[in-house]
Amino acid sequence: MVSIRRPVRLSEALYIRQCEDTVLMAGGTDLMVKYRAPAGARPSFTKDVVLIGHLKELNYLKVYEDVARIGAAVPLARILEDASVPAYVKEPLASIGSPSVRNLATLGGNICNSSPAGDSLTMLYALDAVLTMASSKGFRECDMADFIEGPSKNRLAKDEILIEVAIPMGAYDRTFYRKSAQRRANAISKVSFFGVASVTGGKVESIAMALGAVGPTVIRDRDAESMLKGIAVPGRREASDRALEHIAGLVEPIDDLRSTKTYRRRVALELTRHFLEEVVGL
Amino acid sequence: MDSKVRFKLNGEHVTMTADPLRRLIDVLRDDLGLTGTKEGCGEGECGACSVLMDGRLANSCLLPLAAVEGKEIVTIEGFRKTKRFELLKECFTEEGAVQCGFCTPGMVLAAEALLSADPHPNERAVRDGISGNLCRCTGYSSIVAAILAASKRGEGLW
């Protein structure tokens with residue numbers, strides 16, 4: 001029968017990871033649903049569970065001038081309450097779950113759950129977040145975009161623990177986030193969009209966009225972004241049309257219980273168009 | 001597989017000898033007889049199982065017992081002994097915010113968590129505060145009115 005462990009320190013958790021095949025639990029808001037059993041019965045985990053949400057080593061939040069460093073087990077509610085975290089980072093996090101879920105759910109958990117509809121992920125892809133993993137051998141870094149391989153699949157090794165999410169801070173004057181879902185709270189995205197840009201001297205200086213739930217992973221089209229850099233604002237929609245056409249070639253949504261591929265494709269592209277034309281002014 | 005889990009429950013230190021992988025809601029209801037905490041969906045969507053953990057709203061159906069080690073848990077039974085509860089009870093009654101009552105313990109604790117963080121919320125903030133709690137009877141507006149009334153009348157309580 002599987003058990004649940006509550007290591008006191010990160011080093012102890014890493015030792016357990018080195019010795020056994022385990023599943024990590026921070027807030028538990030995804031895992032306790034995934035392994036739910038009938039009321040009264042113990043959850044049906046198939047591997048020993050290692051609790052890491054309480055570890056001090058994973059519970060810091062520090063925003064520097066150029067980067068926000070967030071411990072992987074910081075609950076979403078704490079990130080939302082921190083005055084030094086910029087609003088464009090907070091907006092997608094505020095769309096996750098409900099107040100009670102956000103008190104438990106962590107940023108690291110949303111990443112390691114690796115759902116294409118994970119609502120922090122569009123923001124983390126677009127802002128070039130960098131993840132730090134620890135194992136008993138040491139530390140390694142991985143770009144957000146290289147970490148997730150497909151639905152529920154990521155590059156966290158069996159002996160590793162995600163410990164930090166580093167989000168580079170930029171001076172964006174145009175930001176837009178929108179999530180389409182069945183309900184305002186506690187709903188999984190049908191499709192979501194995150195975009196940031198900075199416009200200086202009448203030109204697009206930087207721009208980054210990511211789309212959620214329209215492919216096996218979050219989609220970021222760097223070629224389309226390159227097409228838009230340096231373009232004059234206000235523009236005449238030529239550059240945005242070209243970029244949209246390129247993005248349309250990468251979007252491959254599916255039909256499932258939450259939505260249809262037709263709806264997802266259309267809304268994904270309309271949200272992108274709204275950002276490019278109405279928010280950035282291209 | 002039992003082990004000891006120590007935490008504070010409704011103001012008293014408790015040591016539970018139980019399977020630490022079991023859900024907090026099952027331990028509360030089945031082992032401790034605290035049946036004010038309800039199970040609706042069992043997957044964190046309805047909020048009927050809400051408790052306060054270190055003063056913050058949490059879904060007891062999503063918490064393995066091991067995760068409450070060293071924490072302070074307040075259920076509706078513990079909250080009943082407070083002046084804040086008395087006022088919320090009055091306001092919920094006066095506004096007709098209770099019909100079948102199944103969501104009520106969770107709604108009251110959501111109101112407590114909200115007013116503790118923001119004693120003077122506007123309607124939007126109240127709706128956000130109870131957004132994780134489903135009610136199939138009232139249509140929510142009477143609950144929102146009750147919480148706004150409690151905020152107005154509870155000067156100094158929160």
# chains A, B, ... in the order shown; residues from 1 in each chain; ligands from 1
>>> residues_around(residues="Ile70 in chain A", least_positions_apart="3", cutoff="9 Å", atoms="only C-alpha atoms", output="ChimeraX atom specification")
/A:58-63,73-74,79,107,163-167
>>> select_by_dssp(residues="range 24-142 of chain B", states="strand (DSSP E or B)", output="number ranges by chain")
B: 50-53, 56-59, 64, 72-74
>>> interface_residues(of="chain A", to="chain B", cutoff="9 Å", atoms="only C-alpha atoms", output="number ranges by chain")
A: 1-6, 27-34, 36, 38-43, 49, 51, 53-54, 97-104, 184-187
>>> residues_around(residues="Val204 in chain A", least_positions_apart="6", cutoff="7 Å", atoms="only C-alpha atoms", output="MDAnalysis selection string")
chainID A and resid 198 228:233
>>> atom_distance(atom1="CA of Leu87 in chain B", atom2="CA of Pro105 in chain B")
14.2 Å
>>> select_by_dssp(residues="chain B", states="helix (DSSP H, G or I)", output="NGL selection string")
:B and (24-31 or 65-68 or 76-79 or 83-94 or 104-117 or 123-129 or 141-153)
>>> residues_around(residues="Gly195 in chain A", least_positions_apart="5", cutoff="6 Å", atoms="only C-alpha atoms", output="mmCIF file with N, CA, C and O atoms, in the first residue's frame")
data_model
loop_
_atom_site.group_PDB
_atom_site.id
_atom_site.type_symbol
_atom_site.label_atom_id
_atom_site.label_comp_id
_atom_site.auth_asym_id
_atom_site.auth_seq_id
_atom_site.Cartn_x
_atom_site.Cartn_y
_atom_site.Cartn_z
ATOM 1 N N THR A 175 -0.530 45.035 -22.485
ATOM 2 C CA THR A 175 -0.684 43.667 -21.983
ATOM 3 C C THR A 175 -2.139 43.240 -22.137
ATOM 4 O O THR A 175 -3.060 44.065 -22.060
ATOM 5 N N PHE A 176 -2.317 41.956 -22.389
ATOM 6 C CA PHE A 176 -3.687 41.442 -22.565
ATOM 7 C C PHE A 176 -3.726 39.972 -22.186
ATOM 8 O O PHE A 176 -2.890 39.185 -22.643
ATOM 9 N N ALA A 208 5.509 39.530 -27.257
ATOM 10 C CA ALA A 208 5.495 38.088 -26.983
ATOM 11 C C ALA A 208 4.063 37.653 -26.724
ATOM 12 O O ALA A 208 3.300 38.361 -26.071
ATOM 13 N N MET A 209 3.717 36.489 -27.291
ATOM 14 C CA MET A 209 2.340 35.992 -27.172
ATOM 15 C C MET A 209 2.372 34.485 -26.947
ATOM 16 O O MET A 209 3.258 33.800 -27.462
#
>>> closest_residue(among="A:Leu282, A:Glu57, A:Met25, A:Ser152", to="Ala105 in chain A", atoms="only C-alpha atoms")
A:Met25
>>> closest_atom_pairs(of="range 29-98 of chain A", to="range 13-22 of chain A", cutoff="9 Å", atoms="only C-alpha atoms", output="JSON lines")
{"residue": "A:Thr46", "atom": "CA", "partner": "A:Thr22", "partner_atom": "CA", "distance": 9.0}
{"residue": "A:Lys47", "atom": "CA", "partner": "A:Thr22", "partner_atom": "CA", "distance": 5.4}
{"residue": "A:Asp48", "atom": "CA", "partner": "A:Thr22", "partner_atom": "CA", "distance": 5.0}
{"residue": "A:Val49", "atom": "CA", "partner": "A:Thr22", "partner_atom": "CA", "distance": 5.8}
{"residue": "A:Val50", "atom": "CA", "partner": "A:Thr22", "partner_atom": "CA", "distance": 6.7}
{"residue": "A:Leu51", "atom": "CA", "partner": "A:Ala13", "partner_atom": "CA", "distance": 8.4}
{"residue": "A:Ile52", "atom": "CA", "partner": "A:Ala13", "partner_atom": "CA", "distance": 7.5}
>>> residues_around(residues="range 136-151 of chain A", least_positions_apart="4", cutoff="6 Å", atoms="only C-alpha atoms", output="number ranges by chain")
A: 14, 114-116, 125, 129-132, 155, 216-217
>>> write_last_selection(atoms="C-alpha atoms", output="PDB file, in the first residue's frame")
ATOM      1  CA  LEU A  14      15.636  14.956  -2.463  1.00  0.00           C
ATOM      2  CA  SER A 114       1.761  20.155 -17.515  1.00  0.00           C
ATOM      3  CA  SER A 115      -1.741  20.574 -18.887  1.00  0.00           C
ATOM      4  CA  PRO A 116      -1.999  22.395 -22.234  1.00  0.00           C
ATOM      5  CA  TYR A 125       6.061  30.833 -21.993  1.00  0.00           C
ATOM      6  CA  ALA A 129      10.502  31.939 -17.565  1.00  0.00           C
ATOM      7  CA  VAL A 130      13.381  29.745 -16.435  1.00  0.00           C
ATOM      8  CA  LEU A 131      12.846  26.768 -14.118  1.00  0.00           C
ATOM      9  CA  THR A 132      15.391  25.473 -11.618  1.00  0.00           C
ATOM     10  CA  ARG A 155      11.241  16.714 -18.261  1.00  0.00           C
ATOM     11  CA  PRO A 216      -0.567  19.463 -27.004  1.00  0.00           C
ATOM     12  CA  THR A 217       1.443  22.179 -25.239  1.00  0.00           C
TER      13      THR A 217
END
